[in-house]
$ cat target.cif   # mmCIF, C-alpha atoms
data_entry
loop_
_atom_site.label_atom_id
_atom_site.label_comp_id
_atom_site.auth_asym_id
_atom_site.auth_seq_id
_atom_site.Cartn_x
_atom_site.Cartn_y
_atom_site.Cartn_z
CA MET A 1 -24.57 -39.93 -69.31
CA ASP A 2 -28.20 -39.17 -68.55
CA ARG A 3 -28.03 -41.77 -65.79
CA LEU A 4 -25.39 -39.66 -64.04
CA ILE A 5 -27.65 -36.59 -63.73
CA GLY A 6 -28.23 -35.80 -60.05
CA ARG A 7 -25.28 -37.86 -58.86
CA TYR A 8 -22.01 -36.73 -57.38
CA CYS A 9 -19.34 -37.29 -59.99
CA LYS A 10 -15.63 -36.87 -60.44
CA ILE A 11 -14.97 -35.37 -63.87
CA VAL A 12 -11.53 -35.48 -65.47
CA LEU A 13 -10.85 -32.60 -67.89
CA ARG A 14 -8.10 -31.75 -70.30
CA GLU A 15 -8.23 -28.48 -72.07
CA PRO A 16 -7.15 -28.34 -75.72
CA GLY A 17 -3.46 -27.62 -76.03
CA LYS A 18 -2.67 -28.74 -72.46
CA GLU A 19 -0.95 -31.96 -71.53
CA ARG A 20 -2.01 -32.14 -67.87
CA ALA A 21 -5.56 -33.01 -66.88
CA SER A 22 -7.58 -31.46 -64.09
CA VAL A 23 -10.30 -32.85 -61.86
CA VAL A 24 -13.61 -31.26 -60.89
CA SER A 25 -15.96 -32.90 -58.35
CA GLY A 26 -19.59 -32.04 -57.87
CA ILE A 27 -23.21 -32.95 -58.53
CA LEU A 28 -24.06 -33.33 -62.20
CA GLU A 29 -27.10 -31.09 -62.61
CA ASP A 30 -27.84 -31.32 -66.38
CA ILE A 31 -26.40 -32.18 -69.83
CA ASP A 32 -26.99 -29.90 -72.81
CA TYR A 33 -26.16 -32.01 -75.86
CA ASP A 34 -27.08 -29.28 -78.31
CA ALA A 35 -24.74 -26.70 -76.81
CA GLY A 36 -22.20 -29.32 -75.78
CA PHE A 37 -22.04 -28.34 -72.07
CA VAL A 38 -22.33 -30.19 -68.79
CA ILE A 39 -23.77 -28.25 -65.86
CA ILE A 40 -22.16 -29.20 -62.49
CA ASP A 41 -22.62 -27.90 -58.95
CA SER A 42 -19.19 -28.12 -57.30
CA ASP A 43 -17.69 -26.64 -54.16
CA ARG A 44 -16.80 -23.62 -56.29
CA GLY A 45 -20.42 -23.08 -57.27
CA LEU A 46 -22.61 -23.78 -60.29
CA GLY A 47 -20.70 -23.95 -63.58
CA CYS A 48 -20.57 -25.31 -67.13
CA LEU A 49 -17.97 -27.70 -68.54
CA ASN A 50 -17.28 -28.21 -72.25
CA MET A 51 -18.12 -31.78 -73.19
CA LYS A 52 -15.23 -31.84 -75.61
CA SER A 53 -12.81 -31.29 -72.71
CA ILE A 54 -14.20 -34.18 -70.64
CA ILE A 55 -12.00 -37.27 -70.71
CA ALA A 56 -13.84 -39.31 -68.08
CA ILE A 57 -16.68 -39.12 -65.61
CA LYS A 58 -16.65 -41.26 -62.49
CA PRO A 59 -19.64 -41.30 -60.13
CA LYS A 60 -18.92 -41.40 -56.40
CA SER A 61 -20.99 -42.70 -53.47
CA LEU A 62 -23.10 -40.03 -51.77
CA ARG A 63 -22.51 -41.62 -48.37
CA LYS A 64 -18.79 -41.30 -48.80
CA VAL A 65 -19.21 -37.69 -49.85
CA LYS A 66 -21.36 -36.97 -46.81
CA LYS A 67 -18.79 -38.70 -44.64
CA GLU A 68 -16.04 -36.51 -46.06
CA PHE A 69 -18.19 -33.43 -45.49
CA ALA A 70 -18.85 -34.58 -41.91
CA GLN A 71 -15.12 -35.06 -41.35
CA ASP A 72 -14.46 -31.59 -42.71
CA GLU A 73 -17.15 -30.14 -40.44
CA ARG A 74 -15.64 -31.91 -37.44
CA GLY A 75 -12.29 -30.46 -38.43
CA PHE A 76 -13.75 -26.96 -38.52
CA VAL A 77 -15.41 -27.51 -35.12
CA GLY A 78 -12.14 -28.79 -33.69
CA ILE A 79 -10.22 -25.77 -34.96
CA GLY A 80 -12.86 -23.43 -33.48
CA THR A 81 -12.69 -25.23 -30.15
CA LEU A 82 -8.89 -25.00 -30.19
CA ILE A 83 -9.07 -21.24 -30.85
CA VAL A 84 -11.53 -20.78 -27.97
CA PHE A 85 -9.34 -22.92 -25.70
CA ILE A 86 -6.23 -20.90 -26.51
CA ALA A 87 -8.16 -17.67 -25.93
CA MET A 88 -9.33 -18.98 -22.52
CA ILE A 89 -5.73 -19.85 -21.59
CA LEU A 90 -4.55 -16.36 -22.56
CA VAL A 91 -7.35 -14.72 -20.56
CA ALA A 92 -6.60 -16.94 -17.57
CA ALA A 93 -2.88 -16.11 -17.81
CA VAL A 94 -3.59 -12.37 -17.88
CA ALA A 95 -6.04 -12.67 -14.97
CA ALA A 96 -3.53 -14.73 -12.97
CA SER A 97 -0.80 -12.17 -13.64
CA VAL A 98 -3.06 -9.34 -12.43
CA LEU A 99 -4.04 -11.30 -9.31
CA ILE A 100 -0.43 -12.17 -8.49
CA ARG A 101 0.68 -8.56 -8.96
CA THR A 102 -2.20 -7.29 -6.85
CA GLY A 103 -1.44 -9.86 -4.15
CA GLU A 104 2.22 -8.78 -4.03
CA LEU A 105 1.27 -5.12 -3.72
CA LEU A 106 -1.24 -5.88 -0.96
CA GLN A 107 1.34 -7.99 0.89
CA GLN A 108 3.94 -5.23 0.71
CA ARG A 109 1.39 -2.67 1.86
CA ALA A 110 0.25 -4.92 4.72
CA ASN A 111 3.83 -5.47 5.87
CA LYS A 112 4.53 -1.74 5.79
CA VAL A 113 1.34 -0.88 7.69
CA GLY A 114 2.04 -3.67 10.20
CA LEU A 115 5.55 -2.40 10.90
CA GLN A 116 4.34 1.18 11.27
CA THR A 117 1.49 0.10 13.57
CA THR A 118 3.82 -1.99 15.72
CA ARG A 119 6.22 0.92 15.92
CA GLU A 120 3.45 3.34 16.89
CA ILE A 121 2.05 1.03 19.56
CA SER A 122 5.28 -0.18 21.14
CA SER A 123 7.17 3.13 21.10
CA GLY A 124 6.42 6.20 23.16
CA LEU A 125 7.04 8.08 26.40
CA THR A 126 5.69 7.71 29.92
CA ILE A 127 5.46 10.58 32.43
CA VAL A 128 6.46 9.11 35.78
CA ASP A 129 6.08 12.13 38.06
CA VAL A 130 5.09 15.81 38.02
CA ILE A 131 6.73 18.26 40.45
CA GLY A 132 5.98 21.98 40.86
CA TYR A 133 8.17 24.88 42.00
CA THR A 134 6.76 28.05 43.53
CA ASN A 135 7.95 31.62 43.81
CA SER A 136 9.71 32.81 46.96
CA GLU A 137 6.40 33.97 48.48
CA LYS A 138 4.82 30.51 47.84
CA THR A 139 1.81 32.02 46.12
CA TYR A 140 2.17 30.72 42.54
CA LEU A 141 3.69 27.83 40.69
CA THR A 142 6.40 29.21 38.44
CA HIS A 143 7.94 25.97 37.08
CA ILE A 144 7.09 22.30 36.69
CA ALA A 145 9.36 19.30 36.22
CA LEU A 146 8.11 16.22 34.34
CA THR A 147 10.04 12.99 34.94
CA VAL A 148 9.86 10.94 31.74
CA ARG A 149 11.18 7.62 30.44
CA PRO A 150 10.64 5.53 27.28
CA ARG A 151 7.93 2.86 27.31
CA SER A 152 8.94 -0.77 27.71
CA GLY A 153 10.25 -2.09 24.39
CA SER A 154 10.19 1.38 22.85
CA GLU A 155 12.49 2.43 20.05
CA ASP A 156 14.85 5.34 20.56
CA ILE A 157 13.11 8.68 21.16
CA ASP A 158 14.54 11.92 19.76
CA LEU A 159 13.70 14.64 22.30
CA ARG A 160 14.78 17.30 19.79
CA ASN A 161 11.74 16.38 17.68
CA THR A 162 9.36 16.03 20.64
CA VAL A 163 6.80 18.71 21.47
CA LEU A 164 5.05 19.44 24.76
CA HIS A 165 1.38 20.48 24.84
CA LEU A 166 0.27 22.35 27.97
CA MET A 167 -3.27 23.40 28.86
CA TYR A 168 -4.20 25.86 31.60
CA ASP A 169 -6.18 28.92 30.54
CA LYS A 170 -5.01 28.35 26.97
CA LEU A 171 -3.19 25.76 24.94
CA ILE A 172 0.53 26.26 24.32
CA VAL A 173 3.08 24.16 22.48
CA LEU A 174 6.73 24.02 23.57
CA SER A 175 9.64 22.47 21.71
CA PHE A 176 13.27 21.61 22.29
CA PRO A 177 15.43 24.73 21.83
CA VAL A 178 17.90 25.15 19.00
CA ASN A 179 20.62 26.01 21.50
CA ALA A 180 20.26 22.58 23.07
CA SER A 181 23.56 22.45 24.93
CA ALA A 182 22.51 25.27 27.23
CA TYR A 183 19.52 23.27 28.46
CA VAL A 184 20.95 19.79 28.92
CA ALA A 185 22.89 18.78 32.01
CA PRO A 186 24.37 15.31 32.49
CA LYS A 187 24.00 15.40 36.28
CA VAL A 188 21.56 16.83 38.77
CA SER A 189 22.80 19.78 40.81
CA PRO A 190 23.11 19.30 44.58
CA ASP A 191 20.89 22.36 45.03
CA GLY A 192 17.94 20.75 43.23
CA VAL A 193 16.83 20.33 39.63
CA PHE A 194 15.21 23.77 39.46
CA SER A 195 18.60 25.42 39.90
CA THR A 196 20.43 23.14 37.49
CA LEU A 197 19.60 24.99 34.29
CA THR A 198 21.93 27.93 33.94
CA THR A 199 20.03 29.55 31.06
CA PRO A 200 16.51 30.87 31.82
CA LEU A 201 13.68 29.11 29.99
CA ASN A 202 11.34 31.14 27.78
CA GLY A 203 7.70 30.54 26.98
CA THR A 204 8.26 28.49 23.80
CA THR A 205 10.92 25.96 24.81
CA TYR A 206 11.51 23.40 27.50
CA GLY A 207 14.73 22.24 29.14
CA ILE A 208 16.08 18.76 29.74
CA ILE A 209 18.00 17.33 32.68
CA ALA A 210 19.47 13.83 32.32
CA LEU A 211 18.78 11.68 35.38
CA HIS A 212 19.91 8.31 34.03
CA ASP A 213 21.94 8.36 30.83
CA VAL A 214 24.60 5.66 30.73
CA ASP A 215 25.65 6.24 27.14
CA ASN A 216 25.27 10.06 27.31
CA SER A 217 22.76 9.92 24.44
CA ILE A 218 20.54 12.57 26.05
CA TYR A 219 23.43 14.90 26.73
CA ILE A 220 25.03 14.49 23.31
CA ASN A 221 22.07 14.53 20.92
CA GLY A 222 18.88 14.54 23.00
CA GLY A 223 18.14 10.88 22.30
CA MET A 224 16.48 8.58 24.85
CA ASN A 225 16.72 4.80 24.74
CA VAL A 226 15.45 2.06 27.00
CA GLY A 227 16.68 2.59 30.57
CA ASP A 228 17.17 6.37 30.24
CA LYS A 229 15.30 8.79 32.43
CA ALA A 230 15.13 12.59 32.19
CA ILE A 231 13.35 15.63 33.58
CA ILE A 232 11.52 18.07 31.31
CA MET A 233 11.67 21.60 32.77
CA VAL A 234 8.97 24.18 31.92
CA ASN A 235 8.76 27.87 32.88
CA LEU A 236 5.01 28.29 33.58
CA SER A 237 5.26 32.04 34.22
CA ALA A 238 6.84 32.66 30.81
CA ALA A 239 4.62 30.16 29.00
CA PHE A 240 1.29 31.58 30.19
CA ASN A 241 2.39 35.25 30.40
CA SER A 242 1.52 35.53 34.07
CA THR A 243 3.05 35.42 37.52
CA GLY A 244 2.40 31.68 37.60
CA ILE A 245 -0.29 29.09 38.26
CA PRO A 246 -2.42 29.85 41.35
CA PRO A 247 -3.57 27.28 43.95
CA ARG A 248 -6.53 25.00 43.18
CA ALA A 249 -5.84 25.26 39.43
CA SER A 250 -5.62 22.29 37.04
CA ILE A 251 -2.87 21.69 34.49
CA SER A 252 -2.88 19.03 31.79
CA GLY A 253 -0.58 18.22 28.96
CA SER A 254 1.08 15.62 26.76
CA LEU A 255 4.64 15.02 25.63
CA VAL A 256 4.32 13.96 21.98
CA PRO A 257 7.32 12.16 20.39
CA GLU A 258 8.03 12.01 16.67
CA VAL A 259 6.92 8.35 16.57
CA GLY A 260 4.92 6.48 19.18
CA ALA A 261 2.41 7.14 21.92
CA PRO A 262 2.60 10.41 23.89
CA GLY A 263 3.04 10.65 27.62
CA THR A 264 0.11 12.49 29.23
CA PHE A 265 -0.62 14.04 32.62
CA ASP A 266 -3.53 15.85 34.31
CA VAL A 267 -2.77 17.29 37.75
CA SER A 268 -4.35 19.64 40.26
CA VAL A 269 -2.47 22.35 42.17
CA PRO A 270 -2.80 22.10 46.00
CA CYS A 271 -4.87 24.71 47.77
CA VAL A 272 -1.94 25.67 50.06
CA PHE A 273 1.79 25.71 49.31
CA THR A 274 3.71 24.57 52.38
CA SER A 275 7.06 24.52 50.61
CA ARG A 276 8.55 25.66 47.34
CA ILE A 277 8.73 22.11 46.01
CA VAL A 278 5.16 20.88 45.44
CA GLU A 279 4.03 17.34 44.54
CA LEU A 280 1.27 17.54 41.92
CA ASN A 281 -1.33 14.78 41.75
#
$ encode --input "target.cif" --output "structure tokens"
Amino acid sequence: MDRLIGRYCKIVLREPGKERASVVSGILEDIDYDAGFVIIDSDRGLGCLNMKSIIAIKPKSLRKVKKEFAQDERGFVGIGTLIVFIAMILVAAVAASVLIRTGELLQQRANKVGLQTTREISSGLTIVDVIGYTNSEKTYLTHIALTVRPRSGSEDIDLRNTVLHLMYDKLIVLSFPVNASAYVAPKVSPDGVFSTLTTPLNGTTYGIIALHDVDNSIYINGGMNVGDKAIIMVNLSAAFNSTGIPPRASISGSLVPEVGAPGTFDVSVPCVFTSRIVELN
């Protein structure tokens, strides 16, 4: 047995009173004949075996042992690599999910912004002409009439939610009146547009006269669509708390719809009024 010291051995044991044998493998470190123990360094650590329990001792090749250890180490490395690989797949899946979700949100936002931008750019009003009306003495402008139409390709315009900004000696804002039916006429009066409105205009509202309204949308609910044309009537004397706008003055303003580009104008009052109806340029 002394020749087995320092070698890797397979030791078969059978404890007294037990029928089944057990096997312990390890390096045989020393043999104590006096005490009757064999000292072995196994995978469980350094320990002592009773010589009386040993049935057989079989030495094994160290190369084979090293090969088995190497195979075990490769197995451990493979398991570690598999764990890292699975972790990478999980991280990649989570990252891909976040990217896909973010891409969908950005696409929805881009579509929404694109539709709103297209609507803002394509829709709106255009002021075709600006006409003034003087008092009987032809000394002041008391009213103006703005001929408006929707822009080409514009969506429907709700005149009830459209405001008019006017600038002379101050800035004022006029809106469509609540009592809309009193200010909307489907046809122009033979006596002129300035006598069409039966209800006097105040300084906070404007009136509407339908010039071209095939489907009666302006007359019914104040809505303008492509092909419609209307006149916006404004009482300048009431709006600016004065007798009117004097000659050589300048008036500017913008008709701002709920959605789309506003229609703007900037005109100068003539120095002499030759008639009550005045073309403003």
$ residues_near_point --input "target.cif" --point "(3.5, 35.3, 32.1)" --cutoff "12 Å" --atoms "all atoms listed in the file" --output "count of residues only"
19
$ resolve_selection --input "target.cif" --expression "the PyMOL selection byres ((chain A and resi 132) around 12)" --output "mmCIF file with C-alpha atoms, in the coordinates of the input"
data_model
loop_
_atom_site.group_PDB
_atom_site.id
_atom_site.type_symbol
_atom_site.label_atom_id
_atom_site.label_comp_id
_atom_site.auth_asym_id
_atom_site.auth_seq_id
_atom_site.Cartn_x
_atom_site.Cartn_y
_atom_site.Cartn_z
ATOM 1 C CA ASP A 129 6.080 12.130 38.060
ATOM 2 C CA VAL A 130 5.090 15.810 38.020
ATOM 3 C CA ILE A 131 6.730 18.260 40.450
ATOM 4 C CA TYR A 133 8.170 24.880 42.000
ATOM 5 C CA THR A 134 6.760 28.050 43.530
ATOM 6 C CA ASN A 135 7.950 31.620 43.810
ATOM 7 C CA LYS A 138 4.820 30.510 47.840
ATOM 8 C CA TYR A 140 2.170 30.720 42.540
ATOM 9 C CA LEU A 141 3.690 27.830 40.690
ATOM 10 C CA THR A 142 6.400 29.210 38.440
ATOM 11 C CA HIS A 143 7.940 25.970 37.080
ATOM 12 C CA ILE A 144 7.090 22.300 36.690
ATOM 13 C CA ALA A 145 9.360 19.300 36.220
ATOM 14 C CA LEU A 146 8.110 16.220 34.340
ATOM 15 C CA THR A 147 10.040 12.990 34.940
ATOM 16 C CA VAL A 193 16.830 20.330 39.630
ATOM 17 C CA PHE A 194 15.210 23.770 39.460
ATOM 18 C CA ILE A 232 11.520 18.070 31.310
ATOM 19 C CA MET A 233 11.670 21.600 32.770
ATOM 20 C CA VAL A 234 8.970 24.180 31.920
ATOM 21 C CA ASN A 235 8.760 27.870 32.880
ATOM 22 C CA LEU A 236 5.010 28.290 33.580
ATOM 23 C CA GLY A 244 2.400 31.680 37.600
ATOM 24 C CA ILE A 245 -0.290 29.090 38.260
ATOM 25 C CA PRO A 246 -2.420 29.850 41.350
ATOM 26 C CA PRO A 247 -3.570 27.280 43.950
ATOM 27 C CA ILE A 251 -2.870 21.690 34.490
ATOM 28 C CA VAL A 267 -2.770 17.290 37.750
ATOM 29 C CA SER A 268 -4.350 19.640 40.260
ATOM 30 C CA VAL A 269 -2.470 22.350 42.170
ATOM 31 C CA PRO A 270 -2.800 22.100 46.000
ATOM 32 C CA PHE A 273 1.790 25.710 49.310
ATOM 33 C CA SER A 275 7.060 24.520 50.610
ATOM 34 C CA ARG A 276 8.550 25.660 47.340
ATOM 35 C CA ILE A 277 8.730 22.110 46.010
ATOM 36 C CA VAL A 278 5.160 20.880 45.440
ATOM 37 C CA GLU A 279 4.030 17.340 44.540
ATOM 38 C CA LEU A 280 1.270 17.540 41.920
ATOM 39 C CA ASN A 281 -1.330 14.780 41.750
#
$ resolve_selection --input "target.cif" --expression "the PyMOL selection byres ((chain A and resi 175) around 7)" --output "PyMOL selection string"
chain A and resi 162-164+173-174+176-177+204-206
$ residues_near_point --input "target.cif" --point "(1.6, 11.5, 24.2)" --cutoff "12 Å" --atoms "only C-alpha atoms" --output "PyMOL selection string"
chain A and resi 120-121+123-127+148+150-151+162-166+252-265
$ atom_distance --input "target.cif" --atom1 "CA of Met1 in chain A" --atom2 "CA of Ile54 in chain A"
11.9 Å
$ atom_distance --input "target.cif" --atom1 "CA of Pro16 in chain A" --atom2 "CA of Ile55 in chain A"
11.3 Å
$ resolve_selection --input "target.cif" --expression "the PyMOL selection byres ((chain A and resi 25) around 10)" --output "PyMOL selection string"
chain A and resi 8-12+23-24+26-28+40-44+57-60
$ closest_residue --input "target.cif" --among "A:Leu13, A:Leu211, A:Cys271, A:Ile157" --to "Val226 in chain A" --atoms "all atoms listed in the file"
A:Ile157
$ atom_distance --input "target.cif" --atom1 "CA of Ile218 in chain A" --atom2 "CA of Leu201 in chain A"
18.3 Å
$ axis_aligned_box --input "target.cif" --around "range 228-236 of chain A" --padding-each-side "3 Å" --output "AutoDock Vina command-line options"
--center_x 11.1 --center_y 17.3 --center_z 31.9 --size_x 18.2 --size_y 27.9 --size_z 9.3
$ build_atoms --input "target.cif" --residues "range 200-216 of chain A" --atoms "N, CA and C atoms" --output "compact mmCIF listing (two decimals), keeping the file's coordinate frame"
# COMPACT_ATOMS: atom_id res chain seq x y z
N PRO A 200 17.94 30.78 31.53
CA PRO A 200 16.51 30.87 31.82
C PRO A 200 15.68 30.32 30.66
N LEU A 201 14.59 29.64 31.01
CA LEU A 201 13.68 29.11 29.99
C LEU A 201 12.69 30.18 29.56
N ASN A 202 12.36 30.20 28.27
CA ASN A 202 11.34 31.14 27.78
C ASN A 202 10.01 30.42 27.65
N GLY A 203 9.04 31.09 27.05
CA GLY A 203 7.70 30.54 26.98
C GLY A 203 7.45 29.63 25.80
N THR A 204 8.46 29.34 24.98
CA THR A 204 8.26 28.49 23.80
C THR A 204 9.13 27.24 23.80
N THR A 205 10.02 27.11 24.77
CA THR A 205 10.92 25.96 24.81
C THR A 205 10.90 25.32 26.19
N TYR A 206 11.36 24.10 26.23
CA TYR A 206 11.51 23.40 27.50
C TYR A 206 12.95 22.93 27.64
N GLY A 207 13.37 22.72 28.88
CA GLY A 207 14.73 22.24 29.14
C GLY A 207 14.74 20.78 29.51
N ILE A 208 15.92 20.18 29.46
CA ILE A 208 16.08 18.76 29.74
C ILE A 208 17.22 18.57 30.72
N ILE A 209 16.96 17.73 31.74
CA ILE A 209 18.00 17.33 32.68
C ILE A 209 18.09 15.81 32.64
N ALA A 210 19.28 15.27 32.41
CA ALA A 210 19.47 13.83 32.32
C ALA A 210 19.61 13.26 33.72
N LEU A 211 18.70 12.36 34.09
CA LEU A 211 18.78 11.68 35.38
C LEU A 211 19.55 10.37 35.26
N HIS A 212 19.22 9.59 34.25
CA HIS A 212 19.91 8.31 34.03
C HIS A 212 20.22 8.23 32.54
N ASP A 213 21.51 8.32 32.23
CA ASP A 213 21.94 8.36 30.83
C ASP A 213 23.32 7.72 30.74
N VAL A 214 23.34 6.38 30.68
CA VAL A 214 24.60 5.66 30.73
C VAL A 214 25.48 5.97 29.52
N ASP A 215 24.87 6.02 28.36
CA ASP A 215 25.65 6.24 27.14
C ASP A 215 25.72 7.70 26.73
N ASN A 216 25.24 8.61 27.58
CA ASN A 216 25.27 10.06 27.31
C ASN A 216 24.50 10.44 26.04
